[in-house]
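Chemist: File coords_29.cif below, mmCIF, N, CA and C atoms:
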```cif
data_entry
loop_
_atom_site.label_atom_id
_atom_site.label_comp_id
_atom_site.auth_asym_id
_atom_site.auth_seq_id
_atom_site.Cartn_x
_atom_site.Cartn_y
_atom_site.Cartn_z
N MET A 79 101.42 110.04 105.85
CA MET A 79 100.90 109.47 104.64
C MET A 79 99.64 110.21 104.22
N LYS A 80 99.56 110.60 102.97
CA LYS A 80 98.41 111.32 102.46
C LYS A 80 97.24 110.36 102.29
N SER A 81 96.08 110.76 102.76
CA SER A 81 94.89 109.93 102.63
C SER A 81 94.24 110.16 101.27
N LEU A 82 93.80 109.08 100.65
CA LEU A 82 93.10 109.18 99.38
C LEU A 82 91.61 109.36 99.63
N THR A 83 90.99 110.20 98.84
CA THR A 83 89.54 110.31 98.93
C THR A 83 88.93 109.22 98.07
N THR A 84 87.66 108.95 98.27
CA THR A 84 87.02 107.88 97.53
C THR A 84 86.77 108.27 96.08
N SER A 85 86.87 109.53 95.73
CA SER A 85 86.63 109.93 94.35
C SER A 85 87.88 109.84 93.49
N GLN A 86 89.06 109.69 94.10
CA GLN A 86 90.29 109.56 93.34
C GLN A 86 90.40 108.17 92.75
N SER A 87 90.93 108.09 91.53
CA SER A 87 91.16 106.77 90.96
C SER A 87 92.49 106.26 91.47
N PHE A 88 92.62 104.95 91.56
CA PHE A 88 93.83 104.37 92.11
C PHE A 88 93.98 102.94 91.62
N LEU A 89 95.15 102.41 91.79
CA LEU A 89 95.43 101.03 91.49
C LEU A 89 95.62 100.27 92.79
N ALA A 90 95.44 98.97 92.72
CA ALA A 90 95.69 98.14 93.89
C ALA A 90 97.16 98.28 94.27
N LEU A 91 97.42 98.43 95.55
CA LEU A 91 98.80 98.58 96.01
C LEU A 91 99.51 97.24 96.06
N ASN A 92 100.82 97.32 95.91
CA ASN A 92 101.69 96.15 95.93
C ASN A 92 102.86 96.49 96.84
N PHE A 93 103.11 95.67 97.85
CA PHE A 93 104.16 95.95 98.83
C PHE A 93 105.24 94.88 98.79
N ALA A 94 106.43 95.27 99.21
CA ALA A 94 107.49 94.28 99.44
C ALA A 94 106.98 93.31 100.49
N ILE A 95 107.25 92.04 100.31
CA ILE A 95 106.70 91.00 101.18
C ILE A 95 107.07 91.21 102.65
N GLU A 96 108.24 91.78 102.91
CA GLU A 96 108.65 91.97 104.31
C GLU A 96 107.83 93.04 105.03
N LEU A 97 107.04 93.83 104.32
CA LEU A 97 106.19 94.83 104.96
C LEU A 97 104.85 94.27 105.43
N LEU A 98 104.54 93.06 104.99
CA LEU A 98 103.28 92.44 105.39
C LEU A 98 103.34 92.05 106.86
N PRO A 99 102.33 92.39 107.65
CA PRO A 99 102.37 92.02 109.07
C PRO A 99 102.32 90.51 109.25
N GLY A 100 102.88 90.06 110.34
CA GLY A 100 102.81 88.65 110.69
C GLY A 100 103.89 87.77 110.08
N LEU A 101 104.79 88.35 109.32
CA LEU A 101 105.87 87.56 108.72
C LEU A 101 107.18 87.85 109.44
N ASN A 102 107.86 86.80 109.86
CA ASN A 102 109.17 87.01 110.46
C ASN A 102 110.24 86.88 109.36
N ALA A 103 111.49 87.08 109.71
CA ALA A 103 112.58 87.07 108.72
C ALA A 103 112.68 85.72 108.02
N GLU A 104 112.50 84.64 108.75
CA GLU A 104 112.56 83.30 108.15
C GLU A 104 111.43 83.11 107.13
N ASP A 105 110.22 83.55 107.49
CA ASP A 105 109.09 83.47 106.56
C ASP A 105 109.39 84.24 105.28
N CYS A 106 109.90 85.44 105.44
CA CYS A 106 110.23 86.28 104.27
C CYS A 106 111.27 85.61 103.40
N ASN A 107 112.31 85.05 104.01
CA ASN A 107 113.36 84.37 103.25
C ASN A 107 112.80 83.16 102.50
N ASN A 108 111.94 82.38 103.16
CA ASN A 108 111.34 81.22 102.51
C ASN A 108 110.47 81.65 101.33
N LEU A 109 109.71 82.71 101.50
CA LEU A 109 108.87 83.22 100.41
C LEU A 109 109.74 83.69 99.25
N LYS A 110 110.80 84.42 99.57
CA LYS A 110 111.68 84.93 98.50
C LYS A 110 112.35 83.80 97.74
N LYS A 111 112.70 82.71 98.44
CA LYS A 111 113.30 81.55 97.77
C LYS A 111 112.33 80.91 96.77
N LYS A 112 111.04 81.10 97.01
CA LYS A 112 110.02 80.57 96.11
C LYS A 112 109.58 81.61 95.09
N GLY A 113 110.32 82.74 95.02
CA GLY A 113 110.01 83.77 94.03
C GLY A 113 108.93 84.75 94.45
N VAL A 114 108.58 84.76 95.72
CA VAL A 114 107.54 85.65 96.23
C VAL A 114 108.22 86.82 96.93
N THR A 115 108.28 87.96 96.25
CA THR A 115 108.94 89.14 96.82
C THR A 115 107.97 90.27 97.11
N THR A 116 106.73 90.15 96.63
CA THR A 116 105.73 91.20 96.84
C THR A 116 104.39 90.59 97.25
N THR A 117 103.51 91.44 97.72
CA THR A 117 102.17 90.96 98.10
C THR A 117 101.40 90.45 96.89
N HIS A 118 101.54 91.12 95.73
CA HIS A 118 100.86 90.62 94.53
C HIS A 118 101.41 89.26 94.12
N ALA A 119 102.73 89.09 94.23
CA ALA A 119 103.33 87.80 93.88
C ALA A 119 102.80 86.69 94.79
N LEU A 120 102.59 87.01 96.07
CA LEU A 120 102.04 86.03 97.00
C LEU A 120 100.64 85.62 96.57
N LEU A 121 99.81 86.60 96.24
CA LEU A 121 98.44 86.31 95.81
C LEU A 121 98.44 85.48 94.52
N GLN A 122 99.32 85.81 93.59
CA GLN A 122 99.39 85.07 92.32
C GLN A 122 99.92 83.64 92.53
N LYS A 123 100.96 83.51 93.32
CA LYS A 123 101.58 82.20 93.55
C LYS A 123 100.62 81.24 94.25
N ALA A 124 99.79 81.79 95.15
CA ALA A 124 98.84 80.95 95.88
C ALA A 124 97.68 80.50 94.99
N GLY A 125 97.45 81.23 93.91
CA GLY A 125 96.37 80.86 92.99
C GLY A 125 95.00 80.98 93.62
N ARG A 126 94.05 80.38 92.97
CA ARG A 126 92.66 80.47 93.43
C ARG A 126 92.14 79.17 94.04
N SER A 127 92.77 78.07 93.69
CA SER A 127 92.25 76.79 94.16
C SER A 127 92.86 76.39 95.51
N LYS A 128 92.12 75.55 96.19
CA LYS A 128 92.58 75.02 97.47
C LYS A 128 93.87 74.21 97.28
N ALA A 129 93.92 73.45 96.18
CA ALA A 129 95.10 72.63 95.90
C ALA A 129 96.35 73.49 95.69
N GLN A 130 96.20 74.63 95.02
CA GLN A 130 97.34 75.53 94.81
C GLN A 130 97.83 76.09 96.13
N LYS A 131 96.90 76.48 96.99
CA LYS A 131 97.26 77.03 98.31
C LYS A 131 97.96 75.96 99.15
N GLU A 132 97.43 74.75 99.13
CA GLU A 132 98.04 73.66 99.89
C GLU A 132 99.45 73.36 99.38
N ALA A 133 99.61 73.37 98.07
CA ALA A 133 100.94 73.11 97.49
C ALA A 133 101.94 74.18 97.90
N LEU A 134 101.51 75.44 97.89
CA LEU A 134 102.41 76.52 98.30
C LEU A 134 102.74 76.41 99.79
N ALA A 135 101.75 76.10 100.61
CA ALA A 135 102.00 75.94 102.05
C ALA A 135 103.03 74.83 102.30
N ILE A 136 102.88 73.73 101.59
CA ILE A 136 103.83 72.61 101.73
C ILE A 136 105.22 73.05 101.28
N ALA A 137 105.28 73.74 100.15
CA ALA A 137 106.58 74.20 99.63
C ALA A 137 107.26 75.17 100.60
N LEU A 138 106.46 75.95 101.31
CA LEU A 138 107.01 76.92 102.26
C LEU A 138 107.25 76.30 103.64
N GLY A 139 106.68 75.13 103.89
CA GLY A 139 106.82 74.48 105.19
C GLY A 139 106.00 75.16 106.27
N VAL A 140 104.81 75.69 105.88
CA VAL A 140 103.92 76.33 106.85
C VAL A 140 102.54 75.68 106.78
N ARG A 141 101.77 75.86 107.83
CA ARG A 141 100.40 75.37 107.82
C ARG A 141 99.56 76.19 106.84
N VAL A 142 98.57 75.55 106.25
CA VAL A 142 97.68 76.22 105.30
C VAL A 142 96.98 77.40 105.98
N GLN A 143 96.64 77.26 107.25
CA GLN A 143 95.97 78.33 107.98
C GLN A 143 96.83 79.58 108.06
N LEU A 144 98.14 79.40 108.26
CA LEU A 144 99.04 80.54 108.33
C LEU A 144 99.15 81.20 106.96
N LEU A 145 99.30 80.41 105.91
CA LEU A 145 99.34 80.96 104.56
C LEU A 145 98.04 81.70 104.24
N THR A 146 96.92 81.15 104.66
CA THR A 146 95.62 81.79 104.43
C THR A 146 95.57 83.16 105.11
N LYS A 147 96.13 83.26 106.28
CA LYS A 147 96.18 84.53 107.00
C LYS A 147 97.04 85.54 106.23
N TRP A 148 98.20 85.09 105.75
CA TRP A 148 99.07 85.98 104.96
C TRP A 148 98.35 86.45 103.70
N LEU A 149 97.61 85.54 103.08
CA LEU A 149 96.87 85.90 101.87
C LEU A 149 95.78 86.93 102.16
N ALA A 150 95.13 86.79 103.30
CA ALA A 150 94.11 87.77 103.70
C ALA A 150 94.77 89.14 103.90
N PHE A 151 95.92 89.17 104.57
CA PHE A 151 96.64 90.43 104.75
C PHE A 151 96.98 91.04 103.39
N ALA A 152 97.54 90.23 102.48
CA ALA A 152 97.95 90.71 101.17
C ALA A 152 96.76 91.21 100.35
N ASP A 153 95.65 90.51 100.44
CA ASP A 153 94.45 90.91 99.71
C ASP A 153 93.96 92.27 100.18
N LEU A 154 93.85 92.44 101.48
CA LEU A 154 93.35 93.71 102.03
C LEU A 154 94.36 94.84 101.91
N ALA A 155 95.65 94.51 101.90
CA ALA A 155 96.69 95.54 101.77
C ALA A 155 96.63 96.23 100.41
N GLN A 156 95.96 95.63 99.43
CA GLN A 156 95.81 96.25 98.12
C GLN A 156 95.03 97.55 98.17
N ILE A 157 94.21 97.72 99.19
CA ILE A 157 93.37 98.90 99.33
C ILE A 157 94.25 100.07 99.75
N PRO A 158 94.30 101.14 98.96
CA PRO A 158 95.21 102.26 99.28
C PRO A 158 95.06 102.82 100.69
N ALA A 159 93.87 102.99 101.18
CA ALA A 159 93.68 103.56 102.52
C ALA A 159 93.97 102.55 103.63
N VAL A 160 94.10 101.27 103.28
CA VAL A 160 94.38 100.22 104.26
C VAL A 160 95.87 99.89 104.27
N GLY A 161 96.40 99.47 103.12
CA GLY A 161 97.81 99.10 103.03
C GLY A 161 98.22 98.10 104.09
N CYS A 162 99.50 98.05 104.38
CA CYS A 162 100.01 97.14 105.40
C CYS A 162 99.74 97.67 106.82
N GLN A 163 99.41 98.95 106.91
CA GLN A 163 99.18 99.56 108.22
C GLN A 163 97.93 99.03 108.92
N HIS A 164 96.84 98.83 108.16
CA HIS A 164 95.58 98.45 108.78
C HIS A 164 95.08 97.06 108.41
N CYS A 165 95.74 96.36 107.49
CA CYS A 165 95.22 95.07 107.05
C CYS A 165 95.15 94.07 108.21
N GLY A 166 96.10 94.12 109.12
CA GLY A 166 96.11 93.19 110.25
C GLY A 166 94.91 93.36 111.16
N VAL A 167 94.58 94.59 111.50
CA VAL A 167 93.45 94.82 112.41
C VAL A 167 92.14 94.43 111.73
N ILE A 168 92.06 94.60 110.42
CA ILE A 168 90.84 94.21 109.71
C ILE A 168 90.70 92.69 109.73
N VAL A 169 91.78 91.97 109.44
CA VAL A 169 91.73 90.51 109.46
C VAL A 169 91.41 90.00 110.86
N HIS A 170 92.04 90.57 111.86
CA HIS A 170 91.80 90.12 113.23
C HIS A 170 90.41 90.47 113.74
N SER A 171 89.73 91.37 113.03
CA SER A 171 88.34 91.68 113.39
C SER A 171 87.37 90.74 112.68
N GLY A 172 87.89 89.85 111.83
CA GLY A 172 87.05 88.85 111.18
C GLY A 172 86.79 89.06 109.70
N ILE A 173 87.34 90.11 109.11
CA ILE A 173 87.18 90.39 107.68
C ILE A 173 88.42 89.86 106.98
N VAL A 174 88.25 88.95 105.99
CA VAL A 174 89.42 88.29 105.41
C VAL A 174 89.59 88.47 103.91
N SER A 175 88.80 89.36 103.30
CA SER A 175 88.96 89.56 101.86
C SER A 175 88.41 90.92 101.43
N LEU A 176 88.86 91.35 100.25
CA LEU A 176 88.31 92.57 99.66
C LEU A 176 86.79 92.46 99.54
N GLU A 177 86.33 91.32 99.05
CA GLU A 177 84.90 91.12 98.85
C GLU A 177 84.13 91.23 100.16
N GLN A 178 84.64 90.60 101.19
CA GLN A 178 83.96 90.64 102.48
C GLN A 178 83.95 92.06 103.04
N LEU A 179 85.07 92.77 102.94
CA LEU A 179 85.11 94.15 103.43
C LEU A 179 84.13 95.02 102.65
N SER A 180 84.06 94.83 101.34
CA SER A 180 83.18 95.67 100.51
C SER A 180 81.71 95.50 100.87
N GLN A 181 81.36 94.38 101.48
CA GLN A 181 79.97 94.09 101.82
C GLN A 181 79.66 94.26 103.31
N THR A 182 80.65 94.64 104.08
CA THR A 182 80.46 94.78 105.53
C THR A 182 79.84 96.14 105.85
N PRO A 183 78.76 96.15 106.61
CA PRO A 183 78.18 97.43 107.03
C PRO A 183 79.19 98.21 107.88
N LEU A 184 79.26 99.51 107.64
CA LEU A 184 80.23 100.37 108.32
C LEU A 184 80.11 100.28 109.83
N ASP A 185 78.90 100.32 110.36
CA ASP A 185 78.73 100.28 111.82
C ASP A 185 79.22 98.96 112.40
N LYS A 186 79.02 97.86 111.68
CA LYS A 186 79.50 96.55 112.14
C LYS A 186 81.03 96.50 112.15
N LEU A 187 81.65 97.01 111.09
CA LEU A 187 83.11 97.03 111.01
C LEU A 187 83.69 97.86 112.15
N HIS A 188 83.14 99.04 112.36
CA HIS A 188 83.63 99.91 113.43
C HIS A 188 83.49 99.24 114.79
N LYS A 189 82.35 98.62 115.03
CA LYS A 189 82.09 97.95 116.30
C LYS A 189 83.10 96.82 116.54
N HIS A 190 83.37 96.01 115.51
CA HIS A 190 84.30 94.88 115.65
C HIS A 190 85.73 95.36 115.91
N ILE A 191 86.15 96.38 115.17
CA ILE A 191 87.53 96.87 115.35
C ILE A 191 87.67 97.58 116.69
N MET A 192 86.66 98.33 117.10
CA MET A 192 86.70 98.98 118.41
C MET A 192 86.80 97.93 119.51
N ARG A 193 86.00 96.88 119.42
CA ARG A 193 86.03 95.81 120.41
C ARG A 193 87.42 95.15 120.45
N LEU A 194 88.00 94.92 119.30
CA LEU A 194 89.33 94.32 119.21
C LEU A 194 90.37 95.20 119.89
N GLN A 195 90.34 96.50 119.63
CA GLN A 195 91.32 97.42 120.22
C GLN A 195 91.16 97.49 121.74
N VAL A 196 89.94 97.50 122.20
CA VAL A 196 89.70 97.58 123.65
C VAL A 196 90.12 96.27 124.33
N GLN A 197 89.77 95.12 123.72
CA GLN A 197 90.12 93.82 124.31
C GLN A 197 91.64 93.61 124.35
N ASN A 198 92.32 93.99 123.27
CA ASN A 198 93.75 93.71 123.19
C ASN A 198 94.63 94.76 123.84
N PHE A 199 94.19 96.01 123.80
CA PHE A 199 95.05 97.09 124.27
C PHE A 199 94.43 97.96 125.36
N ASN A 200 93.17 97.69 125.69
CA ASN A 200 92.43 98.53 126.64
C ASN A 200 92.45 100.00 126.23
N ARG A 201 92.40 100.23 124.89
CA ARG A 201 92.48 101.60 124.38
C ARG A 201 91.55 101.77 123.19
N ALA A 202 90.47 102.44 123.40
CA ALA A 202 89.54 102.73 122.30
C ALA A 202 90.13 103.78 121.36
N ASP A 203 91.05 104.60 121.86
CA ASP A 203 91.62 105.68 121.04
C ASP A 203 92.52 105.15 119.91
N LEU A 204 92.88 103.86 119.94
CA LEU A 204 93.68 103.28 118.87
C LEU A 204 92.83 102.88 117.67
N CYS A 205 91.53 102.88 117.85
CA CYS A 205 90.63 102.48 116.77
C CYS A 205 90.59 103.56 115.70
N PRO A 206 90.81 103.18 114.43
CA PRO A 206 90.70 104.17 113.36
C PRO A 206 89.31 104.81 113.34
N ASP A 207 89.26 106.02 112.86
CA ASP A 207 88.02 106.78 112.80
C ASP A 207 87.02 106.11 111.84
N ILE A 208 85.75 106.23 112.14
CA ILE A 208 84.71 105.62 111.31
C ILE A 208 84.72 106.18 109.88
N SER A 209 85.10 107.44 109.73
CA SER A 209 85.17 108.02 108.38
C SER A 209 86.30 107.36 107.58
N GLU A 210 87.39 107.00 108.24
CA GLU A 210 88.48 106.30 107.58
C GLU A 210 88.03 104.89 107.15
N MET A 211 87.28 104.23 108.02
CA MET A 211 86.76 102.90 107.69
C MET A 211 85.79 102.97 106.51
N SER A 212 85.06 104.04 106.42
CA SER A 212 84.15 104.24 105.29
C SER A 212 84.93 104.28 103.98
N ILE A 213 86.08 104.92 104.00
CA ILE A 213 86.94 104.98 102.81
C ILE A 213 87.46 103.57 102.48
N TRP A 214 87.81 102.78 103.51
CA TRP A 214 88.26 101.41 103.27
C TRP A 214 87.22 100.64 102.47
N ILE A 215 85.98 100.73 102.93
CA ILE A 215 84.89 99.98 102.29
C ILE A 215 84.66 100.47 100.86
N LYS A 216 84.64 101.77 100.67
CA LYS A 216 84.42 102.33 99.33
C LYS A 216 85.56 101.95 98.38
N GLN A 217 86.79 102.01 98.86
CA GLN A 217 87.91 101.64 98.01
C GLN A 217 87.91 100.14 97.70
N ALA A 218 87.48 99.31 98.64
CA ALA A 218 87.36 97.88 98.38
C ALA A 218 86.33 97.66 97.27
N GLN A 219 85.22 98.36 97.34
CA GLN A 219 84.19 98.26 96.31
C GLN A 219 84.73 98.71 94.95
N GLN A 220 85.52 99.78 94.95
CA GLN A 220 86.08 100.29 93.70
C GLN A 220 87.10 99.32 93.11
N LEU A 221 87.92 98.71 93.96
CA LEU A 221 88.90 97.73 93.47
C LEU A 221 88.20 96.51 92.87
N ILE A 222 87.17 96.05 93.51
CA ILE A 222 86.42 94.90 92.99
C ILE A 222 85.79 95.26 91.64
N ALA A 223 85.21 96.45 91.55
CA ALA A 223 84.62 96.90 90.28
C ALA A 223 85.68 96.99 89.18
N ALA A 224 86.85 97.53 89.52
CA ALA A 224 87.93 97.66 88.54
C ALA A 224 88.42 96.29 88.09
N LYS A 225 88.53 95.34 89.02
CA LYS A 225 88.97 93.99 88.66
C LYS A 225 87.93 93.29 87.79
N THR A 226 86.67 93.54 88.05
CA THR A 226 85.59 92.96 87.25
C THR A 226 85.65 93.49 85.82
N LEU A 227 85.89 94.79 85.69
CA LEU A 227 85.98 95.40 84.37
C LEU A 227 87.19 94.90 83.59
N ALA A 228 88.27 94.61 84.30
CA ALA A 228 89.50 94.17 83.66
C ALA A 228 89.41 92.74 83.13
N LYS A 229 88.45 91.97 83.61
CA LYS A 229 88.32 90.56 83.18
C LYS A 229 87.74 90.44 81.79
#
```
Rewrite the coordinates I just gave you, this time as structure tokens.

Modeler:
Amino acid sequence: MKSLTTSQSFLALNFAIELLPGLNAEDCNNLKKKGVTTTHALLQKAGRSKAQKEALAIALGVRVQLLTKWLAFADLAQIPAVGCQHCGVIVHSGIVSLEQLSQTPLDKLHKHIMRLQVQNFNRADLCPDISEMSIWIKQAQQLIAAKTLAK
């Protein structure tokens, strides 16, 4: 996969729902039955309010916490350098939104993800490079700026 530089313009990515980490076949089928076939559709269907998220969780037959996790994955997957490949590790390191990632100091993000990789896999070499994480943060900032301009 070609890496994007921070100076390139880009749009938020949209993936088929089955590419999102943490979803099994039954989850995907339930989402598709509710008209959710992409990550953008998931974010739109869940809406912005707590009541909308709760209603979708009930309709899907899942806990709100699980839906919230899927939404965090979908939100972060919009970042071109993150996509579905890295959104899971970012969420599991404690970052759950574009906004939060855009404001996270690079050294803190690297430290949290490194700790996660070592704790879970006993392998520091699985941790993405700090320069790659820098691109994640910059692209999150650019996406937020673009969304602000679009409003």

Chemist: Counting only C-alpha atoms, which of A:Pro158, A:Thr117, A:Leu176, A:Cys106 gets nearest to Leu138 in chain A?

Modeler: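 Closest to Leu138 in chain A, using only C-alpha atoms: A:Cys106.
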
Chemist: Name every residue that the PyMOL selection byres (((chain A and resi 186 and name CA) around 12) and name CA) selects in this structure, writing the answer as a PyMOL selection string with chains first and numbers rising.

Modeler: chain A and resi 168+171-173+179+181-185+187-193+208+211-212+215

Chemist: Nearest to Cys165 in chain A among A:Gly113, A:Ile136, A:Leu144, A:Pro99, with distances taken over only N, CA and C atoms: which residue is it?

Modeler: A:Pro99

Chemist: Residues within 9 Å of Leu194 in chain A, please, as a PyMOL selection string. Count only C-alpha atoms; anything in the same chain fewer than 6 positions from it doesn't count.

Modeler: chain A and resi 167+170-171+202+205

Chemist: Evaluate the PyMOL selection byres ((chain A and resi 161) around 8) on the structure here and hand back the selected residues as a PDB file with N, CA and C atoms, keeping the file's coordinate frame.

Modeler:
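The result, written out as part26.pdb:
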```pdb
ATOM      1  N   LEU A  91      97.420  98.430  95.550  1.00  0.00           N
ATOM      2  CA  LEU A  91      98.800  98.580  96.010  1.00  0.00           C
ATOM      3  C   LEU A  91      99.510  97.240  96.060  1.00  0.00           C
ATOM      4  N   ASN A  92     100.820  97.320  95.910  1.00  0.00           N
ATOM      5  CA  ASN A  92     101.690  96.150  95.930  1.00  0.00           C
ATOM      6  C   ASN A  92     102.860  96.490  96.840  1.00  0.00           C
ATOM      7  N   LEU A  97     107.040  93.830 104.320  1.00  0.00           N
ATOM      8  CA  LEU A  97     106.190  94.830 104.960  1.00  0.00           C
ATOM      9  C   LEU A  97     104.850  94.270 105.430  1.00  0.00           C
ATOM     10  N   LEU A  98     104.540  93.060 104.990  1.00  0.00           N
ATOM     11  CA  LEU A  98     103.280  92.440 105.390  1.00  0.00           C
ATOM     12  C   LEU A  98     103.340  92.050 106.860  1.00  0.00           C
ATOM     13  N   PRO A  99     102.330  92.390 107.650  1.00  0.00           N
ATOM     14  CA  PRO A  99     102.370  92.020 109.070  1.00  0.00           C
ATOM     15  C   PRO A  99     102.320  90.510 109.250  1.00  0.00           C
ATOM     16  N   PHE A 151      95.920  89.170 104.570  1.00  0.00           N
ATOM     17  CA  PHE A 151      96.640  90.430 104.750  1.00  0.00           C
ATOM     18  C   PHE A 151      96.980  91.040 103.390  1.00  0.00           C
ATOM     19  N   ALA A 152      97.540  90.230 102.480  1.00  0.00           N
ATOM     20  CA  ALA A 152      97.950  90.710 101.170  1.00  0.00           C
ATOM     21  C   ALA A 152      96.760  91.210 100.350  1.00  0.00           C
ATOM     22  N   LEU A 154      93.850  92.440 101.480  1.00  0.00           N
ATOM     23  CA  LEU A 154      93.350  93.710 102.030  1.00  0.00           C
ATOM     24  C   LEU A 154      94.360  94.840 101.910  1.00  0.00           C
ATOM     25  N   ALA A 155      95.650  94.510 101.900  1.00  0.00           N
ATOM     26  CA  ALA A 155      96.690  95.540 101.770  1.00  0.00           C
ATOM     27  C   ALA A 155      96.630  96.230 100.410  1.00  0.00           C
ATOM     28  N   GLN A 156      95.960  95.630  99.430  1.00  0.00           N
ATOM     29  CA  GLN A 156      95.810  96.250  98.120  1.00  0.00           C
ATOM     30  C   GLN A 156      95.030  97.550  98.170  1.00  0.00           C
ATOM     31  N   ILE A 157      94.210  97.720  99.190  1.00  0.00           N
ATOM     32  CA  ILE A 157      93.370  98.900  99.330  1.00  0.00           C
ATOM     33  C   ILE A 157      94.250 100.070  99.750  1.00  0.00           C
ATOM     34  N   PRO A 158      94.300 101.140  98.960  1.00  0.00           N
ATOM     35  CA  PRO A 158      95.210 102.260  99.280  1.00  0.00           C
ATOM     36  C   PRO A 158      95.060 102.820 100.690  1.00  0.00           C
ATOM     37  N   ALA A 159      93.870 102.990 101.180  1.00  0.00           N
ATOM     38  CA  ALA A 159      93.680 103.560 102.520  1.00  0.00           C
ATOM     39  C   ALA A 159      93.970 102.550 103.630  1.00  0.00           C
ATOM     40  N   VAL A 160      94.100 101.270 103.280  1.00  0.00           N
ATOM     41  CA  VAL A 160      94.380 100.220 104.260  1.00  0.00           C
ATOM     42  C   VAL A 160      95.870  99.890 104.270  1.00  0.00           C
ATOM     43  N   CYS A 162      99.500  98.050 104.380  1.00  0.00           N
ATOM     44  CA  CYS A 162     100.010  97.140 105.400  1.00  0.00           C
ATOM     45  C   CYS A 162      99.740  97.670 106.820  1.00  0.00           C
ATOM     46  N   GLN A 163      99.410  98.950 106.910  1.00  0.00           N
ATOM     47  CA  GLN A 163      99.180  99.560 108.220  1.00  0.00           C
ATOM     48  C   GLN A 163      97.930  99.030 108.920  1.00  0.00           C
ATOM     49  N   HIS A 164      96.840  98.830 108.160  1.00  0.00           N
ATOM     50  CA  HIS A 164      95.580  98.450 108.780  1.00  0.00           C
ATOM     51  C   HIS A 164      95.080  97.060 108.410  1.00  0.00           C
ATOM     52  N   CYS A 165      95.740  96.360 107.490  1.00  0.00           N
ATOM     53  CA  CYS A 165      95.220  95.070 107.050  1.00  0.00           C
ATOM     54  C   CYS A 165      95.150  94.070 108.210  1.00  0.00           C
ATOM     55  N   GLY A 166      96.100  94.120 109.120  1.00  0.00           N
ATOM     56  CA  GLY A 166      96.110  93.190 110.250  1.00  0.00           C
ATOM     57  C   GLY A 166      94.910  93.360 111.160  1.00  0.00           C
TER      58      GLY A 166
END
```

Chemist: Rounded to one decimal, what separation in Å do you get between atom N of Ile95 in chain A and atom N of His118 in chain A?

Modeler: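 Pair atom N of Ile95 in chain A / atom N of His118 in chain A returns 7.4 Å.
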
Chemist: I'd like the interatomic distance between atom N of Ala223 in chain A and atom C of Ser180 in chain A, to a tenth of an Å.

Modeler: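 Between atom N of Ala223 in chain A and atom C of Ser180 in chain A the gap is 10.0 Å.
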
Chemist: Based on the backbone DSSP call, show me all residues of chain A assigned helix (DSSP H, G or I), as a PyMOL selection string.

Modeler: chain A and resi 95-97+103-111+117-124+128-138+142-155+161-170+176-181+184-199+202-204+208-228

Chemist: Using all atoms listed in the file, which protein or nucleic acid residues come within 8 Å of range 126-131 of chain A? Drop anything in the same chain fewer than 6 positions from it, and give the result as a list of chain:residue names.

Modeler: A:Ala137, A:Arg141, A:Val142, A:Leu145, A:Thr146

Chemist: Smallest atom-to-atom distance to Lys112 in chain A: which of A:Gly100, A:Gly139, A:Leu204, A:Leu221, using only C-alpha atoms?

Modeler: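 Among the listed residues, the smallest separation from Lys112 in chain A belongs to A:Gly139.
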
Chemist: Calculate how many Å separate atom N of Asn107 in chain A from atom N of Gly125 in chain A, rounding to one decimal.

Modeler: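 About the pair atom N of Asn107 in chain A and atom N of Gly125 in chain A: they are 18.4 Å apart.
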